[in-house]
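> Sharing data.tsv below, TSV, C-alpha atoms:
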chain	number	residue	atom	x	y	z
A	1	MET	CA	21.33	-2.35	26.36
A	2	THR	CA	18.85	-0.59	24.09
A	3	ARG	CA	20.15	0.52	20.70
A	4	LEU	CA	18.50	3.36	18.82
A	5	SER	CA	18.72	3.49	15.04
A	6	LEU	CA	17.19	5.52	12.23
A	7	ARG	CA	17.56	2.55	9.88
A	8	ASN	CA	14.43	0.81	8.69
A	9	PRO	CA	13.51	-2.27	10.76
A	10	LEU	CA	13.64	-5.38	8.57
A	11	LEU	CA	11.85	-8.70	8.79
A	12	THR	CA	13.45	-11.78	10.26
A	13	PRO	CA	13.59	-14.95	8.11
A	14	GLU	CA	10.86	-16.46	10.30
A	15	GLN	CA	8.54	-13.50	9.66
A	16	ILE	CA	9.18	-13.68	5.93
A	17	ALA	CA	8.53	-17.42	5.83
A	18	ARG	CA	5.11	-17.25	7.47
A	19	SER	CA	3.13	-14.11	8.27
A	20	PRO	CA	0.42	-13.91	10.99
A	21	SER	CA	-2.28	-14.03	8.28
A	22	GLN	CA	-0.83	-17.22	6.82
A	23	ARG	CA	-0.57	-18.79	10.26
A	24	GLN	CA	-4.33	-18.24	10.58
A	25	GLY	CA	-5.05	-20.00	7.31
A	26	MET	CA	-4.84	-17.29	4.63
A	27	SER	CA	-3.12	-18.27	1.38
A	28	GLN	CA	0.03	-16.43	0.38
A	29	GLU	CA	-1.60	-15.40	-2.92
A	30	LEU	CA	-4.58	-13.75	-1.21
A	31	GLU	CA	-2.34	-12.00	1.29
A	32	LEU	CA	-0.17	-10.55	-1.49
A	33	ASP	CA	-3.30	-9.39	-3.31
A	34	MET	CA	-4.67	-7.72	-0.19
A	35	ARG	CA	-1.34	-6.03	0.53
A	36	ALA	CA	-1.23	-4.71	-3.04
A	37	TYR	CA	-4.84	-3.52	-2.90
A	38	GLY	CA	-4.34	-1.78	0.43
A	39	CYS	CA	-1.35	0.10	-0.97
A	40	HIS	CA	-3.38	0.96	-4.09
A	41	LEU	CA	-6.06	2.52	-1.87
A	42	ILE	CA	-3.45	4.52	0.07
A	43	GLU	CA	-1.88	5.84	-3.13
A	44	ALA	CA	-5.23	6.69	-4.74
A	45	ALA	CA	-6.45	8.49	-1.61
A	46	GLY	CA	-3.15	10.35	-1.26
A	47	ILE	CA	-3.38	11.64	-4.82
A	48	VAL	CA	-6.91	12.96	-4.26
A	49	LEU	CA	-5.87	14.51	-0.92
A	50	ARG	CA	-2.86	16.10	-2.66
A	51	VAL	CA	-0.35	14.95	-0.08
A	52	PRO	CA	3.38	14.71	-0.97
A	53	GLN	CA	4.68	11.42	-2.30
A	54	VAL	CA	6.67	10.86	0.90
A	55	VAL	CA	3.38	10.68	2.85
A	56	MET	CA	1.88	8.07	0.51
A	57	ALA	CA	5.08	6.02	0.48
A	58	SER	CA	5.49	6.15	4.28
A	59	ALA	CA	1.86	5.10	4.78
A	60	GLN	CA	2.34	2.10	2.49
A	61	VAL	CA	5.49	1.01	4.32
A	62	LEU	CA	3.71	1.28	7.69
A	63	PHE	CA	0.83	-0.74	6.24
A	64	GLN	CA	3.23	-3.47	5.07
A	65	ARG	CA	5.09	-3.58	8.39
A	66	PHE	CA	1.88	-3.85	10.38
A	67	TYR	CA	0.70	-6.99	8.62
A	68	TYR	CA	3.89	-8.83	9.52
A	69	LEU	CA	2.98	-8.25	13.17
A	70	ALA	CA	-0.78	-8.71	12.89
A	71	SER	CA	-3.21	-10.54	10.62
A	72	PHE	CA	-5.86	-9.45	8.14
A	73	GLN	CA	-8.27	-11.73	9.99
A	74	ASP	CA	-7.88	-9.76	13.24
A	75	PHE	CA	-7.40	-6.28	11.76
A	76	PRO	CA	-9.46	-5.62	8.60
A	77	LEU	CA	-7.83	-4.05	5.56
A	78	ARG	CA	-10.00	-0.91	5.30
A	79	GLY	CA	-9.35	0.26	8.85
A	80	THR	CA	-5.60	-0.28	8.53
A	81	VAL	CA	-5.51	1.69	5.28
A	82	LEU	CA	-7.27	4.59	7.00
A	83	GLY	CA	-5.04	4.39	10.07
A	84	SER	CA	-1.80	4.14	8.06
A	85	LEU	CA	-2.62	7.17	5.93
A	86	PHE	CA	-3.83	9.22	8.92
A	87	LEU	CA	-0.67	8.38	10.88
A	88	ALA	CA	1.71	9.03	7.97
A	89	CYS	CA	0.14	12.46	7.39
A	90	LYS	CA	0.96	13.39	10.98
A	91	VAL	CA	4.43	11.83	11.00
A	92	GLU	CA	5.39	13.71	7.82
A	93	GLU	CA	3.85	16.95	9.14
A	94	ASN	CA	1.18	17.15	6.47
A	95	PRO	CA	-1.97	16.55	8.53
A	96	LYS	CA	-5.37	16.05	6.92
A	97	SER	CA	-8.72	16.03	8.67
A	98	ILE	CA	-10.34	12.75	9.63
A	99	ARG	CA	-13.41	13.68	7.61
A	100	ASN	CA	-11.44	14.29	4.41
A	101	ILE	CA	-9.47	11.04	4.67
A	102	VAL	CA	-12.58	8.99	5.46
A	103	ASN	CA	-14.68	10.52	2.68
A	104	VAL	CA	-11.95	10.21	0.04
A	105	LEU	CA	-11.22	6.56	0.79
A	106	ASP	CA	-14.93	5.76	0.98
A	107	ILE	CA	-15.51	7.24	-2.48
A	108	ILE	CA	-12.52	5.37	-3.96
A	109	ILE	CA	-13.81	2.05	-2.62
A	110	LYS	CA	-17.31	2.79	-3.90
A	111	ARG	CA	-15.88	3.61	-7.33
A	112	ASP	CA	-13.86	0.39	-7.37
A	113	ARG	CA	-17.02	-1.59	-6.63
A	114	GLY	CA	-19.32	0.31	-8.98
A	115	PHE	CA	-21.43	1.75	-6.14
A	116	PRO	CA	-23.03	5.22	-6.36
A	117	GLU	CA	-20.39	7.76	-5.33
A	118	VAL	CA	-22.35	9.34	-2.50
A	119	VAL	CA	-20.30	11.30	0.05
A	120	THR	CA	-21.15	10.70	3.71
A	121	ASP	CA	-22.41	13.86	5.41
A	122	GLY	CA	-20.21	13.48	8.50
A	123	TYR	CA	-23.10	12.79	10.86
A	124	ASP	CA	-24.49	9.43	9.73
A	125	ALA	CA	-23.66	5.99	11.11
A	126	GLU	CA	-21.51	5.06	8.09
A	127	PHE	CA	-19.14	7.97	8.71
A	128	TYR	CA	-18.83	7.27	12.44
A	129	ASP	CA	-18.14	3.59	11.79
A	130	LEU	CA	-15.31	4.47	9.39
A	131	LYS	CA	-13.97	7.12	11.77
A	132	ASN	CA	-13.85	4.58	14.59
A	133	GLU	CA	-12.07	2.08	12.32
A	134	MET	CA	-9.44	4.73	11.56
A	135	VAL	CA	-8.80	5.75	15.17
A	136	ILE	CA	-8.63	2.16	16.43
A	137	ALA	CA	-6.33	1.14	13.56
A	138	GLU	CA	-3.96	4.05	14.21
A	139	MET	CA	-3.63	3.01	17.87
A	140	GLN	CA	-3.05	-0.61	16.90
A	141	ILE	CA	-0.38	0.32	14.34
A	142	LEU	CA	1.49	2.39	16.93
A	143	ARG	CA	1.16	-0.37	19.52
A	144	ARG	CA	2.28	-3.21	17.23
A	145	LEU	CA	5.19	-1.23	15.79
A	146	GLY	CA	6.30	-0.10	19.23
A	147	PHE	CA	5.83	3.54	18.14
A	148	ASN	CA	8.70	3.08	15.68
A	149	VAL	CA	7.24	4.88	12.67
A	150	GLN	CA	10.58	5.94	11.17
A	151	VAL	CA	10.57	5.28	7.42
A	152	GLU	CA	13.69	5.81	5.33
A	153	LEU	CA	12.83	5.92	1.62
A	154	PRO	CA	15.15	5.28	-1.36
A	155	TYR	CA	14.04	8.11	-3.66
A	156	GLY	CA	16.87	10.49	-2.76
A	157	LEU	CA	19.41	7.67	-3.00
A	158	LEU	CA	18.11	6.75	-6.45
A	159	VAL	CA	18.73	10.25	-7.76
A	160	ASN	CA	22.26	10.30	-6.33
A	161	TYR	CA	23.08	6.84	-7.66
A	162	LEU	CA	21.87	7.73	-11.15
A	163	ARG	CA	24.01	10.86	-11.04
A	164	CYS	CA	27.08	8.86	-9.96
A	165	LEU	CA	26.50	6.39	-12.80
A	166	GLY	CA	26.04	9.19	-15.34
A	167	LEU	CA	22.50	8.08	-16.18
A	168	THR	CA	20.46	11.16	-15.32
A	169	GLY	CA	20.43	12.23	-18.95
A	170	HIS	CA	19.08	8.93	-20.28
A	171	PRO	CA	15.66	9.43	-21.92
A	172	GLN	CA	13.92	6.52	-20.19
A	173	LEU	CA	15.96	4.89	-17.45
A	174	PRO	CA	15.52	7.48	-14.62
A	175	GLN	CA	11.73	7.60	-14.96
A	176	LEU	CA	11.49	3.83	-15.28
A	177	SER	CA	13.58	3.39	-12.12
A	178	TRP	CA	11.33	5.83	-10.27
A	179	ASN	CA	8.24	3.96	-11.43
A	180	TYR	CA	9.67	0.69	-10.14
A	181	LEU	CA	10.24	2.29	-6.72
A	182	ASN	CA	6.56	3.24	-6.61
A	183	ASP	CA	5.43	-0.20	-7.78
A	184	LEU	CA	7.53	-2.01	-5.17
A	185	LEU	CA	5.65	-0.23	-2.38
A	186	ARG	CA	2.86	-2.74	-3.10
A	187	THR	CA	5.18	-5.63	-2.25
A	188	PRO	CA	7.01	-6.60	0.98
A	189	VAL	CA	10.33	-5.40	-0.51
A	190	TYR	CA	10.45	-2.24	1.64
A	191	VAL	CA	10.34	-4.32	4.82
A	192	CYS	CA	12.88	-6.88	3.58
A	193	PHE	CA	15.70	-4.65	2.25
A	194	GLN	CA	17.34	-1.36	3.15
A	195	PRO	CA	16.89	1.66	0.82
A	196	GLU	CA	20.37	1.29	-0.74
A	197	THR	CA	19.54	-2.21	-1.98
A	198	ILE	CA	16.11	-1.18	-3.27
A	199	ALA	CA	17.56	1.76	-5.20
A	200	CYS	CA	20.22	-0.51	-6.76
A	201	GLY	CA	17.59	-3.13	-7.60
A	202	VAL	CA	15.41	-0.75	-9.60
A	203	ILE	CA	18.45	0.67	-11.43
A	204	TYR	CA	19.51	-2.90	-12.28
A	205	LEU	CA	16.08	-3.78	-13.67
A	206	ALA	CA	15.66	-0.50	-15.55
A	207	ALA	CA	19.10	-0.90	-17.10
A	208	LEU	CA	18.14	-4.38	-18.32
A	209	LYS	CA	14.90	-3.05	-19.82
A	210	CYS	CA	16.65	-0.15	-21.53
A	211	GLY	CA	19.66	-2.18	-22.71
A	212	VAL	CA	22.14	-0.08	-20.73
A	213	THR	CA	25.43	-1.70	-19.69
A	214	LEU	CA	26.54	-0.84	-16.15
A	215	PRO	CA	30.13	-0.95	-14.83
A	216	THR	CA	31.38	-4.38	-13.76
A	217	SER	CA	35.00	-3.70	-12.81
A	218	PRO	CA	34.49	-3.17	-9.95
A	219	PRO	CA	30.80	-4.12	-9.82
A	220	TRP	CA	28.81	-0.89	-9.57
A	221	TRP	CA	26.56	-2.08	-6.72
A	222	ILE	CA	29.52	-2.54	-4.34
A	223	ILE	CA	30.09	1.20	-4.36
A	224	PHE	CA	26.54	1.68	-3.07
A	225	ASP	CA	26.83	-0.88	-0.25
A	226	ALA	CA	24.62	-3.54	-1.87
A	227	ASN	CA	25.17	-7.11	-3.05
A	228	GLU	CA	24.22	-8.76	-6.32
A	229	GLU	CA	21.85	-11.41	-4.97
A	230	ASP	CA	19.80	-8.86	-3.03
A	231	ILE	CA	19.39	-6.49	-5.95
A	232	ARG	CA	18.36	-9.41	-8.16
A	233	GLN	CA	15.68	-10.32	-5.59
A	234	VAL	CA	14.38	-6.74	-5.67
A	235	ALA	CA	14.24	-6.84	-9.46
A	236	ARG	CA	12.44	-10.19	-9.44
A	237	ALA	CA	9.84	-8.79	-7.03
A	238	ALA	CA	9.08	-5.92	-9.42
A	239	VAL	CA	8.73	-8.30	-12.36
A	240	ALA	CA	6.52	-10.68	-10.38
A	241	LEU	CA	4.22	-7.82	-9.36
A	242	HIS	CA	3.51	-6.95	-12.99
A	243	GLN	CA	2.81	-10.59	-13.79
A	244	ARG	CA	0.22	-11.02	-11.02
A	245	SER	CA	-3.47	-10.71	-11.77
A	246	ARG	CA	-5.30	-9.21	-8.81
A	247	LEU	CA	-8.77	-10.33	-7.79
A	248	ARG	CA	-11.35	-7.78	-8.88
A	249	ILE	CA	-13.07	-7.57	-5.48
A	250	MET	CA	-10.99	-7.52	-2.28
A	251	PRO	CA	-12.44	-8.27	1.19
A	252	LEU	CA	-12.43	-5.09	3.27
A	253	ASP	CA	-13.48	-6.43	6.68
A	254	SER	CA	-13.73	-9.69	8.60
A	255	ASP	CA	-17.25	-10.45	7.33
A	256	GLU	CA	-16.17	-10.07	3.71
A	257	LEU	CA	-13.08	-12.16	4.40
A	258	GLU	CA	-15.33	-14.98	5.52
A	259	MET	CA	-17.51	-14.51	2.41
A	260	HIS	CA	-14.38	-14.74	0.26
A	261	ARG	CA	-13.45	-17.99	2.00
A	262	GLN	CA	-16.91	-19.35	1.21
A	263	GLY	CA	-16.81	-18.06	-2.38
A	264	THR	CA	-19.80	-15.72	-1.97
A	265	LEU	CA	-18.08	-12.31	-1.86
A	266	ASP	CA	-18.53	-11.47	-5.54
A	267	ALA	CA	-22.25	-12.26	-5.42
A	268	HIS	CA	-22.64	-10.24	-2.22
A	269	VAL	CA	-20.98	-7.16	-3.70
A	270	GLN	CA	-23.01	-7.45	-6.91
A	271	ALA	CA	-26.23	-7.62	-4.89
A	272	MET	CA	-25.18	-4.56	-2.88
A	273	ARG	CA	-24.33	-2.73	-6.10
A	274	HIS	CA	-27.77	-3.48	-7.54
A	275	THR	CA	-29.52	-2.35	-4.34
A	276	LYS	CA	-27.50	0.85	-3.98
A	277	LEU	CA	-27.95	1.82	-7.65
A	278	GLU	CA	-31.67	1.15	-7.42
A	279	THR	CA	-31.94	3.26	-4.27
A	280	ALA	CA	-29.92	6.08	-5.86
A	281	ASN	CA	-32.12	6.04	-8.98
A	282	THR	CA	-35.29	6.07	-6.89
A	283	GLY	CA	-34.01	8.96	-4.83
A	284	SER	CA	-33.03	11.00	-7.88
A	285	LYS	CA	-36.46	10.50	-9.44
A	286	ALA	CA	-38.18	11.55	-6.23
A	287	ALA	CA	-36.04	14.68	-6.08
A	288	THR	CA	-36.94	15.70	-9.65
A	289	PRO	CA	-39.76	18.30	-9.62
A	290	ALA	CA	-42.91	17.45	-11.55
A	291	SER	CA	-43.13	19.03	-14.98
A	292	THR	CA	-45.59	21.87	-15.41
A	293	ILE	CA	-48.52	21.04	-17.69
Turn this file's structure into structure tokens for me.

Amino acid sequence: MTRLSLRNPLLTPEQIARSPSQRQGMSQELELDMRAYGCHLIEAAGIVLRVPQVVMASAQVLFQRFYYLASFQDFPLRGTVLGSLFLACKVEENPKSIRNIVNVLDIIIKRDRGFPEVVTDGYDAEFYDLKNEMVIAEMQILRRLGFNVQVELPYGLLVNYLRCLGLTGHPQLPQLSWNYLNDLLRTPVYVCFQPETIACGVIYLAALKCGVTLPTSPPWWIIFDANEEDIRQVARAAVALHQRSRLRIMPLDSDELEMHRQGTLDAHVQAMRHTKLETANTGSKAATPASTI
């Protein structure tokens, strides 16, 4: 018998232990870095596109879910970022045009790599390649997730929990808790725990940072349907994220992933940067009218 639920689907212990990318030889460290970078790109693009926070958060959760059902080796990071953001915009009824999403993400990646920030004109091969990546990725996300794109977020719960605990007036704790919720989107936490546990975890960590004592008789988290070990795991994930040092250049497609494996990705990107800057400088000089004598 089929059961329908609006609760977030969570990972099984087997999925957590070994993802598809790791089964194909990717290290856990690189996978975590690529997950974090993909979520960074979604957030940065969402800010430029001026979409609501719920769109950016939903896109990041869909991105995280997808890579526990598929691998980075088979489905490159850039296309999945485009597809996740495009799909989340439609799911949250805040649609953006394909052209705007493609151009914004393209510029963000170019800026990250130090390339000239040249916007595609919508008719060249580069734009059509990125557009195709987006459309294919969206279909793959829907297929792999079984069209289950329901995302329940903990932001509303956090506000209610802070109000119940009498902490909304604290000068730092509410904002710090909110920041932790945003940071944790770059980790697998949102596909491992339900929103109640995540909200309790960030309150727990923020209270520790701010030196605030929370009720222990009865334990405050019991009221919010969470348990102590789970909220400690959420807090540890937030701390670990801030302690990680991300690689400066992330592989965006299968070719770059192979270059990273061979240790040549950095040199490849630097060579591309030099070529693109040289081409841009040559073009700007050619476009400058000759001075009148």
> Can you build me a table of segment 59-121 of chain A residues sitting at most 9 Å from segment 30-50 of chain A, with the closest atom pair per residue and its distance in Å to one decimal, using only C-alpha atoms, sorted by chain and residue number, as JSON lines?

{"residue": "A:Ala59", "atom": "CA", "partner": "A:Ile42", "partner_atom": "CA", "distance": 7.1}
{"residue": "A:Gln60", "atom": "CA", "partner": "A:Cys39", "partner_atom": "CA", "distance": 5.4}
{"residue": "A:Val61", "atom": "CA", "partner": "A:Cys39", "partner_atom": "CA", "distance": 8.7}
{"residue": "A:Phe63", "atom": "CA", "partner": "A:Cys39", "partner_atom": "CA", "distance": 7.6}
{"residue": "A:Gln64", "atom": "CA", "partner": "A:Arg35", "partner_atom": "CA", "distance": 6.9}
{"residue": "A:Tyr67", "atom": "CA", "partner": "A:Arg35", "partner_atom": "CA", "distance": 8.4}
{"residue": "A:Phe72", "atom": "CA", "partner": "A:Glu31", "partner_atom": "CA", "distance": 8.1}
{"residue": "A:Leu77", "atom": "CA", "partner": "A:Gly38", "partner_atom": "CA", "distance": 6.6}
{"residue": "A:Arg78", "atom": "CA", "partner": "A:Gly38", "partner_atom": "CA", "distance": 7.5}
{"residue": "A:Thr80", "atom": "CA", "partner": "A:Gly38", "partner_atom": "CA", "distance": 8.3}
{"residue": "A:Val81", "atom": "CA", "partner": "A:Gly38", "partner_atom": "CA", "distance": 6.1}
{"residue": "A:Leu82", "atom": "CA", "partner": "A:Ile42", "partner_atom": "CA", "distance": 7.9}
{"residue": "A:Ser84", "atom": "CA", "partner": "A:Ile42", "partner_atom": "CA", "distance": 8.2}
{"residue": "A:Leu85", "atom": "CA", "partner": "A:Ile42", "partner_atom": "CA", "distance": 6.5}
{"residue": "A:Lys96", "atom": "CA", "partner": "A:Leu49", "partner_atom": "CA", "distance": 8.0}
{"residue": "A:Asn100", "atom": "CA", "partner": "A:Leu49", "partner_atom": "CA", "distance": 7.7}
{"residue": "A:Ile101", "atom": "CA", "partner": "A:Ala45", "partner_atom": "CA", "distance": 7.4}
{"residue": "A:Val104", "atom": "CA", "partner": "A:Ala45", "partner_atom": "CA", "distance": 6.0}
{"residue": "A:Leu105", "atom": "CA", "partner": "A:Ala45", "partner_atom": "CA", "distance": 5.7}
{"residue": "A:Ile108", "atom": "CA", "partner": "A:Ala45", "partner_atom": "CA", "distance": 7.2}
{"residue": "A:Ile109", "atom": "CA", "partner": "A:Leu41", "partner_atom": "CA", "distance": 7.8}
> Quick one, how far is atom CA of Leu205 of chain A from atom CA of Gln15 of chain A?
26.4 Å
> What's the 12 Å shell around Gly146 of chain A, counting only C-alpha atoms, without same-chain residues fewer than 5 positions away, as a PyMOL selection string?
chain A and resi 9+62+65-66+69+139-141
> Measuring between only C-alpha atoms, which one of A:Thr264, A:Thr120, A:Asn8, A:Ser97 shows the shortest distance to Val149 of chain A?
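Ranking A:Thr264, A:Thr120, A:Asn8, A:Ser97 by distance to Val149 of chain A, first place goes to A:Asn8.
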> Using all atoms listed in the file for the distances, tell me which of A:Glu196, A:Asp255, A:Glu126, A:Asp183 is nearest to Gly156 of chain A.
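For Gly156 of chain A, the nearest of the given residues is A:Glu196.
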> May I ask which of the residues A:Ala206, A:Ile198, A:Leu153, A:Val55 is the closest one to Val91 of chain A, counting all atoms listed in the file?
A:Val55
> Atom CA of Gly263 of chain A and atom CA of Ile16 of chain A are how many Å apart?
27.6 Å
> Have a look at A:Met259, A:Ile98, A:Ala137, A:Leu130 and name the one nearest to Gly83 of chain A; count only C-alpha atoms.
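Once distances to Gly83 of chain A are computed over only C-alpha atoms, the minimum belongs to A:Ala137.
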